[in-house]
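File shown: query02.cif (mmCIF, C-alpha atoms).
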```cif
data_input
loop_
_atom_site.label_atom_id
_atom_site.label_comp_id
_atom_site.auth_asym_id
_atom_site.auth_seq_id
_atom_site.Cartn_x
_atom_site.Cartn_y
_atom_site.Cartn_z
CA ILE S 1 -15.03 7.65 -3.86
CA SER S 2 -11.38 8.67 -3.99
CA LYS S 3 -10.95 8.17 -0.25
CA THR S 4 -12.54 4.71 -0.44
CA LEU S 5 -10.22 3.82 -3.31
CA ASN S 6 -7.21 5.15 -1.43
CA MET S 7 -8.07 3.06 1.62
CA ILE S 8 -8.24 -0.10 -0.49
CA GLN S 9 -4.82 0.62 -1.98
CA LYS S 10 -2.97 1.39 1.26
CA GLU S 11 -0.10 -0.86 2.21
CA LEU S 12 0.61 0.85 5.51
CA SER S 13 -1.35 2.55 8.31
CA VAL S 14 0.71 4.88 10.49
CA ILE S 15 -0.91 5.58 13.87
CA ILE S 16 0.17 8.66 15.85
CA PRO S 17 -1.16 9.49 19.34
CA LEU S 18 -1.16 13.28 19.65
CA TYR S 19 -1.04 15.09 22.96
CA ASN S 20 0.23 18.68 23.11
CA CYS S 21 2.89 18.34 20.42
CA GLU S 22 2.21 21.40 18.27
CA LYS S 23 5.95 22.11 18.14
CA TYR S 24 6.82 18.70 16.66
CA ILE S 25 3.88 17.19 14.76
CA SER S 26 4.83 18.87 11.45
CA ASN S 27 8.22 17.14 11.53
CA ALA S 28 6.55 13.76 12.03
CA LEU S 29 4.05 14.31 9.21
CA ASP S 30 6.62 15.75 6.80
CA SER S 31 8.87 12.76 7.32
CA LEU S 32 5.97 10.38 6.62
CA LEU S 33 5.31 12.08 3.30
CA CYS S 34 8.75 10.85 2.14
CA GLN S 35 8.43 7.11 2.78
CA ASN S 36 7.94 5.69 -0.74
CA VAL S 37 4.97 3.58 0.28
CA ALA S 38 1.20 3.90 -0.16
CA LEU S 39 0.11 4.88 3.32
CA GLU S 40 -2.61 6.40 5.43
CA ILE S 41 -1.75 8.52 8.45
CA ILE S 42 -4.14 8.23 11.39
CA VAL S 43 -3.62 10.87 14.07
CA VAL S 44 -5.54 10.44 17.32
CA ASP S 45 -5.87 13.63 19.33
CA ASP S 46 -5.80 12.47 22.95
CA GLY S 47 -7.33 15.58 24.47
CA SER S 48 -4.70 18.11 23.38
CA TYR S 49 -5.19 21.71 24.49
CA ASP S 50 -2.59 23.24 22.15
CA LYS S 51 -2.71 23.83 18.37
CA GLY S 52 -1.43 20.39 17.38
CA PRO S 53 -4.83 19.19 16.04
CA ASP S 54 -5.20 22.43 14.04
CA ILE S 55 -1.86 21.76 12.37
CA VAL S 56 -2.99 18.25 11.43
CA GLN S 57 -6.18 19.69 9.92
CA GLN S 58 -4.08 21.94 7.69
CA TYR S 59 -2.29 18.85 6.35
CA MET S 60 -5.65 17.14 5.82
CA LYS S 61 -6.62 19.90 3.38
CA LYS S 62 -3.65 18.93 1.18
CA TYR S 63 -3.59 15.15 1.63
CA ASP S 64 -6.67 12.97 1.60
CA PHE S 65 -4.84 10.07 3.27
CA ILE S 66 -4.36 11.92 6.56
CA TYR S 67 -7.13 11.46 9.14
CA LEU S 68 -7.73 13.01 12.55
CA TYR S 69 -9.80 11.39 15.29
CA LYS S 70 -10.42 12.95 18.68
CA GLN S 71 -11.02 11.59 22.17
CA LYS S 72 -10.87 12.81 25.74
CA ASN S 73 -7.47 12.40 27.34
CA LYS S 74 -7.23 8.65 28.04
CA GLY S 75 -3.54 8.02 27.43
CA PRO S 76 -1.38 6.59 24.63
CA SER S 77 -2.73 3.03 24.84
CA SER S 78 -6.31 4.14 24.30
CA ALA S 79 -5.27 6.49 21.48
CA ARG S 80 -3.38 3.74 19.66
CA ASN S 81 -6.28 1.34 20.06
CA LEU S 82 -8.61 3.90 18.50
CA GLY S 83 -6.16 4.24 15.62
CA LEU S 84 -6.15 0.46 15.18
CA LYS S 85 -9.94 0.51 14.96
CA TYR S 86 -9.80 2.69 11.86
CA ALA S 87 -6.60 1.33 10.29
CA SER S 88 -7.01 -0.35 6.90
CA GLY S 89 -3.39 -0.96 5.89
CA GLN S 90 -1.75 -4.33 5.30
CA TYR S 91 0.90 -3.24 7.81
CA ILE S 92 0.77 -1.09 10.95
CA TYR S 93 3.36 1.34 12.22
CA PHE S 94 3.06 3.25 15.50
CA MET S 95 4.89 6.58 15.60
CA ASP S 96 5.28 9.19 18.33
CA ALA S 97 4.18 12.73 17.51
CA ASP S 98 7.44 14.32 18.63
CA ASP S 99 9.77 12.09 16.57
CA PHE S 100 10.48 11.69 12.85
CA LEU S 101 11.89 9.25 10.30
CA LYS S 102 14.56 9.35 7.63
CA THR S 103 13.34 9.32 4.04
CA ASN S 104 12.26 5.91 2.67
CA THR S 105 12.60 4.02 5.92
CA LEU S 106 9.15 2.43 5.87
CA GLY S 107 9.23 1.68 2.15
CA GLN S 108 12.39 -0.37 2.62
CA ALA S 109 10.99 -2.13 5.69
CA ILE S 110 7.83 -3.19 3.86
CA ASP S 111 9.81 -4.41 0.84
CA TYR S 112 11.72 -6.73 3.18
CA LEU S 113 8.55 -7.85 4.97
CA LYS S 114 7.04 -8.87 1.66
CA SER S 115 10.13 -10.53 0.20
CA GLU S 116 10.80 -12.49 3.41
CA GLN S 117 7.09 -13.14 4.10
CA ALA S 118 7.69 -11.93 7.65
CA GLN S 119 5.21 -10.51 10.13
CA ILE S 120 7.37 -7.96 11.96
CA ALA S 121 10.36 -5.87 10.82
CA SER S 122 12.63 -4.19 13.36
CA PHE S 123 15.09 -1.32 12.85
CA ARG S 124 17.19 0.85 15.14
CA PRO S 125 16.56 4.43 16.29
CA ILE S 126 19.00 7.23 16.88
CA ILE S 127 18.47 9.42 19.93
CA ILE S 128 18.94 13.15 19.32
CA PRO S 129 18.57 16.15 21.65
CA GLU S 130 15.79 18.60 20.88
CA LYS S 131 18.26 21.32 19.89
CA ASP S 132 19.56 19.21 16.97
CA ILE S 133 16.23 18.57 15.24
CA THR S 134 16.70 20.91 12.26
CA LYS S 135 20.02 19.47 11.14
CA HIS S 136 18.58 15.94 11.10
CA LEU S 137 15.36 16.65 9.17
CA PHE S 138 14.91 15.03 5.73
CA GLN S 139 18.02 12.88 5.85
CA PRO S 140 17.87 9.86 3.50
CA CYS S 141 17.80 6.39 4.98
CA ASN S 142 20.85 4.51 3.74
CA ASN S 143 20.20 1.07 2.30
CA LEU S 144 18.93 -1.25 4.99
CA PHE S 145 19.94 -4.90 4.87
CA LEU S 146 18.52 -8.04 6.42
CA SER S 147 20.69 -8.85 9.43
CA LYS S 148 18.86 -11.65 11.25
CA LYS S 149 15.61 -13.61 11.33
CA PHE S 150 14.06 -14.75 14.60
CA SER S 151 11.01 -16.32 16.10
CA GLY S 152 9.25 -14.05 18.57
CA ILE S 153 10.65 -15.94 21.57
CA GLU S 154 14.19 -15.81 20.15
CA TYR S 155 13.85 -12.08 19.59
CA ILE S 156 12.88 -11.49 23.22
CA GLU S 157 15.78 -13.68 24.37
CA GLN S 158 18.42 -11.91 22.30
CA SER S 159 17.13 -8.46 23.25
CA LYS S 160 17.16 -9.21 26.99
CA ALA S 161 13.51 -8.58 27.81
CA LEU S 162 13.18 -6.03 24.99
CA ALA S 163 15.58 -3.72 26.83
CA GLY S 164 15.62 -0.48 24.89
CA ILE S 165 13.29 -1.92 22.24
CA THR S 166 10.12 0.12 21.88
CA LEU S 167 7.08 0.03 19.63
CA ILE S 168 8.43 2.72 17.30
CA ARG S 169 11.13 0.29 16.12
CA HIS S 170 8.70 -2.15 14.51
CA VAL S 171 6.52 -2.41 11.41
CA ILE S 172 3.85 -5.04 12.07
CA SER S 173 1.53 -7.10 9.90
CA SER S 174 -2.06 -6.07 10.58
CA ASP S 175 -3.10 -9.73 10.19
CA LEU S 176 -0.88 -10.65 13.15
CA ILE S 177 -2.69 -8.11 15.32
CA LYS S 178 -6.19 -8.96 14.10
CA LYS S 179 -5.94 -12.76 14.09
CA ASN S 180 -4.64 -12.81 17.66
CA ASN S 181 -6.89 -9.97 18.86
CA VAL S 182 -3.95 -8.15 20.45
CA LYS S 183 -4.65 -4.67 21.79
CA LEU S 184 -2.82 -2.24 24.00
CA ASN S 185 -3.82 -2.27 27.65
CA ASP S 186 -5.79 0.96 28.25
CA SER S 187 -4.82 0.87 31.94
CA LEU S 188 -1.13 1.31 31.15
CA PHE S 189 0.48 4.73 30.82
CA LEU S 190 4.07 3.46 31.10
CA GLU S 191 5.65 0.42 29.41
CA GLU S 192 2.46 -0.10 27.40
CA ASP S 193 4.57 -0.72 24.29
CA TYR S 194 6.61 -3.45 25.99
CA ALA S 195 3.47 -5.22 27.15
CA PHE S 196 1.94 -5.01 23.67
CA LEU S 197 5.14 -6.25 22.02
CA PHE S 198 5.41 -9.24 24.35
CA GLU S 199 1.90 -10.28 23.33
CA LEU S 200 2.65 -9.90 19.62
CA LEU S 201 6.00 -11.67 19.75
CA LEU S 202 4.52 -14.69 21.51
CA ASN S 203 2.28 -15.09 18.48
CA THR S 204 4.86 -14.86 15.70
CA SER S 205 7.62 -17.05 14.31
CA ASP S 206 8.73 -14.50 11.69
CA ILE S 207 10.53 -11.31 12.70
CA ILE S 208 13.34 -9.74 10.68
CA VAL S 209 16.00 -7.33 11.96
CA LEU S 210 17.19 -4.61 9.58
CA GLU S 211 20.59 -2.96 9.93
CA GLY S 212 22.71 -0.57 7.84
CA ASP S 213 21.27 2.66 9.20
CA ARG S 214 19.48 4.03 12.23
CA PRO S 215 16.48 5.62 10.56
CA TYR S 216 14.22 6.70 13.42
CA HIS S 217 14.97 10.01 15.14
CA TRP S 218 13.91 9.72 18.75
CA VAL S 219 13.80 13.27 20.09
CA LYS S 220 14.67 13.51 23.77
CA ARG S 221 13.06 16.55 25.33
CA LEU S 222 12.94 17.59 28.97
CA SER S 223 9.18 18.11 28.97
CA SER S 224 8.37 14.71 27.46
CA SER S 225 6.00 12.46 29.40
CA SER S 226 8.60 9.68 29.06
CA ASN S 227 10.94 11.78 31.20
CA SER S 228 8.53 12.20 34.09
CA ILE S 229 6.07 10.12 36.07
CA ASN S 230 2.74 11.76 36.84
CA ASN S 231 0.19 10.32 39.26
CA ARG S 232 -1.78 8.49 36.60
CA ALA S 233 1.34 6.93 35.11
CA LEU S 234 2.64 6.00 38.55
CA HIS S 235 -0.51 4.13 39.55
CA SER S 236 -0.58 2.30 36.23
CA TYR S 237 2.38 0.32 37.58
CA LYS S 238 -0.20 -1.76 39.48
CA ALA S 239 -1.92 -2.60 36.21
CA LEU S 240 1.45 -3.36 34.64
CA VAL S 241 2.33 -5.86 37.38
CA LEU S 242 -1.03 -7.59 36.94
CA HIS S 243 -0.54 -7.65 33.15
CA TYR S 244 2.84 -9.36 33.50
CA SER S 245 1.38 -11.80 36.04
CA LYS S 246 -1.24 -12.91 33.52
CA LEU S 247 1.41 -13.14 30.82
CA LEU S 248 3.47 -15.49 33.00
CA THR S 249 0.58 -17.97 33.02
CA ASP S 250 0.81 -18.30 29.22
CA ASN S 251 1.81 -21.86 28.30
CA ARG S 252 3.86 -20.61 25.35
CA LEU S 253 6.40 -19.25 27.82
CA LEU S 254 7.19 -22.77 29.05
CA ALA S 255 9.54 -23.11 26.07
CA SER S 256 11.82 -20.38 27.39
CA GLN S 257 12.74 -20.00 31.04
CA LYS S 258 14.95 -17.09 30.00
CA VAL S 259 11.94 -15.12 28.77
CA ARG S 260 10.04 -15.94 31.94
CA LYS S 261 12.94 -14.55 34.00
CA TYR S 262 13.00 -11.41 31.89
CA ILE S 263 9.30 -10.83 32.45
CA ILE S 264 9.72 -11.40 36.19
CA TYR S 265 12.58 -8.90 36.11
CA ARG S 266 10.41 -6.24 34.44
CA GLN S 267 7.57 -7.02 36.82
CA THR S 268 9.85 -6.72 39.84
CA ASN S 269 11.24 -3.41 38.60
CA ALA S 270 7.68 -2.10 38.27
CA ILE S 271 6.81 -3.13 41.84
CA GLN S 272 10.03 -1.63 43.18
CA THR S 273 9.54 1.68 41.35
CA TYR S 274 5.93 1.93 42.50
CA LEU S 275 6.53 1.10 46.17
CA LEU S 276 9.56 3.35 46.44
CA ALA S 277 7.61 6.26 44.92
CA LEU S 278 4.78 5.63 47.40
CA ALA S 279 7.24 5.53 50.28
CA LYS S 280 8.66 8.90 49.25
CA ASN S 281 5.51 10.76 48.29
CA TYR S 282 2.37 9.11 49.71
CA SER S 283 0.89 8.08 53.05
CA ILE S 284 1.57 4.98 55.15
CA LYS S 285 -1.99 3.88 54.37
CA ASP S 286 -1.35 4.05 50.60
CA LEU S 287 1.87 2.10 51.02
CA LYS S 288 0.25 -0.63 53.15
CA GLU S 289 -2.62 -0.99 50.66
CA ALA S 290 -0.15 -1.38 47.79
CA ILE S 291 1.84 -4.03 49.66
CA SER S 292 -1.38 -5.92 50.46
CA TYR S 293 -2.44 -5.75 46.81
CA PHE S 294 0.85 -7.19 45.52
CA LYS S 295 0.70 -9.93 48.15
CA SER S 296 -2.83 -10.82 47.04
CA ILE S 297 -1.64 -11.49 43.48
CA ASN S 298 1.47 -13.38 44.72
CA THR S 299 4.04 -10.91 43.44
CA TYR S 300 5.38 -9.68 46.79
CA PRO S 301 7.88 -10.35 48.24
CA PHE S 302 9.59 -10.64 44.85
CA ASN S 303 9.74 -14.14 43.45
CA GLY S 304 12.41 -15.43 41.10
CA PHE S 305 14.66 -12.38 41.39
CA THR S 306 17.94 -14.06 40.45
CA THR S 307 21.58 -13.23 41.12
CA LEU S 308 21.78 -12.13 37.48
CA HIS S 309 19.17 -9.47 38.16
CA LEU S 310 20.98 -8.35 41.32
CA TYR S 311 24.21 -8.04 39.33
CA ARG S 312 22.47 -5.96 36.64
CA LEU S 313 20.88 -3.84 39.36
CA TRP S 314 24.30 -3.25 40.89
CA LYS S 315 26.13 -2.51 37.64
CA LEU S 316 23.48 -0.68 35.61
CA ALA S 317 21.00 0.87 38.01
CA GLY S 318 23.09 2.72 40.54
CA GLY S 319 25.36 0.33 42.43
CA LEU S 320 25.03 0.14 46.21
CA LYS S 321 22.10 2.56 46.41
CA ALA S 322 20.00 0.53 43.96
CA TYR S 323 20.92 -2.71 45.74
CA VAL S 324 19.92 -1.29 49.13
CA ASN S 325 16.67 0.06 47.66
CA TYR S 326 15.88 -3.42 46.36
CA LEU S 327 16.45 -4.99 49.80
CA VAL S 328 14.41 -2.32 51.58
CA VAL S 329 11.50 -2.42 49.14
CA ASN S 330 11.32 -6.23 49.21
CA ILE S 331 10.89 -6.38 53.01
CA SER S 332 7.66 -4.69 54.10
CA THR S 333 8.81 -3.86 57.65
CA LEU S 334 11.94 -2.11 56.33
CA LEU S 335 9.91 -0.28 53.71
CA LEU S 336 7.43 1.00 56.29
CA LEU S 337 10.31 2.04 58.56
CA TYR S 338 11.90 3.86 55.60
CA LYS S 339 8.61 5.70 55.09
CA ARG S 340 8.39 6.75 58.72
CA ILE S 341 11.98 8.05 58.68
CA HIS S 342 11.96 9.79 55.30
CA GLY S 343 8.25 10.28 54.55
#
```

Any chance you could give the structure as structure tokens?
Amino acid sequence: ISKTLNMIQKELSVIIPLYNCEKYISNALDSLLCQNVALEIIVVDDGSYDKGPDIVQQYMKKYDFIYLYKQKNKGPSSARNLGLKYASGQYIYFMDADDFLKTNTLGQAIDYLKSEQAQIASFRPIIIPEKDITKHLFQPCNNLFLSKKFSGIEYIEQSKALAGITLIRHVISSDLIKKNNVKLNDSLFLEEDYAFLFELLLNTSDIIVLEGDRPYHWVKRLSSSSNSINNRALHSYKALVLHYSKLLTDNRLLASQKVRKYIIYRQTNAIQTYLLALAKNYSIKDLKEAISYFKSINTYPFNGFTTLHLYRLWKLAGGLKAYVNYLVVNISTLLLLYKRIHG
């Protein structure tokens, strides 16, 4: 009875995909216990083979609003979708198992969401090295203030294709997700949060940006999956390109050519990263099949890659080397020659 009553009363559902994070999950959970909001914590064990799930079970003995669900290793998108299935909160927050929050971050965010009748609240993270975790634990979140209000399209425009803006920066109305039937793409193991956010933002006219502090501690560790590309993640780039292609057919994007260009830019980067990785590490056959696939969905050679993108590539992504890589990857004969020389 008490659990049923608790679920009815929850304002917030926090969803945490868990995969081999026994060293960090306690920090995440401890920080969530200091958020000044009625919440439930849904941890989805995505096939961990360390003691992370055991640690969560110890917390479950103390707190009846912490839940653990298990699945075979299917990736972060699948884990978050499973969490959404069981979430009962008025708002949803996705958190990574190796990060943590300042005290009373989420309570403040939800207060603003309610007072402004908004559907999404955004705040800024701070990136810390793994060695500095202990000195940042349990810091209070200074008073946040409402900085700006946007429509979803405006938010994408001002953030330049959501550059640097990830899912962990947003508290989201569960009604927004449910009414529009938005889910994470299970085929994506990289950039799944960007793809999910694009879908959500196209469906909202009410997003608020909170400033005054940077309350999310994003722990950068050398072993993190975000710092490496395994085979499964690499091949999900094909699914990512197809996802963006479908998104570009959405009539709501006709109102903003800028957003369309940003999506094309992200799509082009995905194709370039994928083909270059194939050229370096896989066979000529694999490379030819990938080129044929991208041609079949009309994404290769790159379309709509503007001088602005070339400038950003030159200035931000490695100068001459990045520019040459772009030219080589976009011309199939040069790419195949590159493979034969360096493969």

Practice problem: Between atom CA of Tyr237 of chain S and atom CA of Glu289 of chain S, measure the distance and give it in Å to one decimal. | Solution: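 Between atom CA of Tyr237 of chain S and atom CA of Glu289 of chain S the gap works out to 14.1 Å.
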
### Message
I'd like to know which of S:Ile15, S:Ile156, S:Leu248, S:Cys141 is closest to Gly212 of chain S, using only C-alpha atoms.
### Response
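Of S:Ile15, S:Ile156, S:Leu248, S:Cys141, the one nearest Gly212 of chain S is S:Cys141, counting only C-alpha atoms.
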
Write out as a count of residues only which residues come within 7 Å of Val329 of chain S when counting all atoms listed in the file, dropping same-chain ones fewer than 3 positions away. 7

Expected selection from the PyMOL selection byres ((chain S and resi 267) around 12), given as a compact mmCIF listing (two decimals) with C-alpha atoms, in the coordinates of the input:
```
# COMPACT_ATOMS: atom_id res chain seq x y z
CA ALA S 161 13.51 -8.58 27.81
CA GLU S 191 5.65 0.42 29.41
CA TYR S 194 6.61 -3.45 25.99
CA ALA S 195 3.47 -5.22 27.15
CA TYR S 237 2.38 0.32 37.58
CA LYS S 238 -0.20 -1.76 39.48
CA ALA S 239 -1.92 -2.60 36.21
CA LEU S 240 1.45 -3.36 34.64
CA VAL S 241 2.33 -5.86 37.38
CA LEU S 242 -1.03 -7.59 36.94
CA HIS S 243 -0.54 -7.65 33.15
CA TYR S 244 2.84 -9.36 33.50
CA SER S 245 1.38 -11.80 36.04
CA LYS S 246 -1.24 -12.91 33.52
CA LEU S 247 1.41 -13.14 30.82
CA LEU S 248 3.47 -15.49 33.00
CA ARG S 260 10.04 -15.94 31.94
CA LYS S 261 12.94 -14.55 34.00
CA TYR S 262 13.00 -11.41 31.89
CA ILE S 263 9.30 -10.83 32.45
CA ILE S 264 9.72 -11.40 36.19
CA TYR S 265 12.58 -8.90 36.11
CA ARG S 266 10.41 -6.24 34.44
CA THR S 268 9.85 -6.72 39.84
CA ASN S 269 11.24 -3.41 38.60
CA ALA S 270 7.68 -2.10 38.27
CA ILE S 271 6.81 -3.13 41.84
CA GLN S 272 10.03 -1.63 43.18
CA THR S 273 9.54 1.68 41.35
CA TYR S 274 5.93 1.93 42.50
CA PHE S 294 0.85 -7.19 45.52
CA ASN S 298 1.47 -13.38 44.72
CA THR S 299 4.04 -10.91 43.44
CA TYR S 300 5.38 -9.68 46.79
CA PRO S 301 7.88 -10.35 48.24
CA PHE S 302 9.59 -10.64 44.85
CA ASN S 303 9.74 -14.14 43.45
CA GLY S 304 12.41 -15.43 41.10
CA PHE S 305 14.66 -12.38 41.39
CA HIS S 309 19.17 -9.47 38.16
```

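Residues selected in this file by the PyMOL selection byres ((chain S and resi 57-64) around 9) comprise Ser2, Lys3, Asn6, Ser26, Leu29, Glu40, Gly52, Pro53, Asp54, Ile55, Val56, Phe65, Ile66, Tyr67 and Leu68 of chain S.
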
For the selection you just gave me, I'd like the residues written to a file as a compact mmCIF listing (two decimals), keeping the file's coordinate frame, keeping C-alpha atoms.
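The result, written out as part.txt:
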```txt
# COMPACT_ATOMS: atom_id res chain seq x y z
CA SER S 2 -11.38 8.67 -3.99
CA LYS S 3 -10.95 8.17 -0.25
CA ASN S 6 -7.21 5.15 -1.43
CA SER S 26 4.83 18.87 11.45
CA LEU S 29 4.05 14.31 9.21
CA GLU S 40 -2.61 6.40 5.43
CA GLY S 52 -1.43 20.39 17.38
CA PRO S 53 -4.83 19.19 16.04
CA ASP S 54 -5.20 22.43 14.04
CA ILE S 55 -1.86 21.76 12.37
CA VAL S 56 -2.99 18.25 11.43
CA PHE S 65 -4.84 10.07 3.27
CA ILE S 66 -4.36 11.92 6.56
CA TYR S 67 -7.13 11.46 9.14
CA LEU S 68 -7.73 13.01 12.55
```

Expressed in Å, the length from atom CA of His217 of chain S to atom CA of Pro76 of chain S is 19.2 Å

Padded axis-aligned box of segment 330-336 of chain S (8 Å per side), centre and edge lengths, Å, one decimal, as JSON:
```
{"center_x": 9.7, "center_y": -2.7, "center_z": 53.4, "size_x": 20.5, "size_y": 23.4, "size_z": 24.4}
```

**Message:** Running the PyMOL selection byres ((chain S and resi 152) around 8) on this model by hand, what would come out? Give it as a list in words.
**Reply:**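 That expression, the PyMOL selection byres ((chain S and resi 152) around 8), corresponds here to Phe150, Ser151, Ile153, Glu154, Tyr155, Ile156, Leu200, Leu201, Leu202, Asn203, Thr204, Ser205, Asp206 and Ile207 of chain S.
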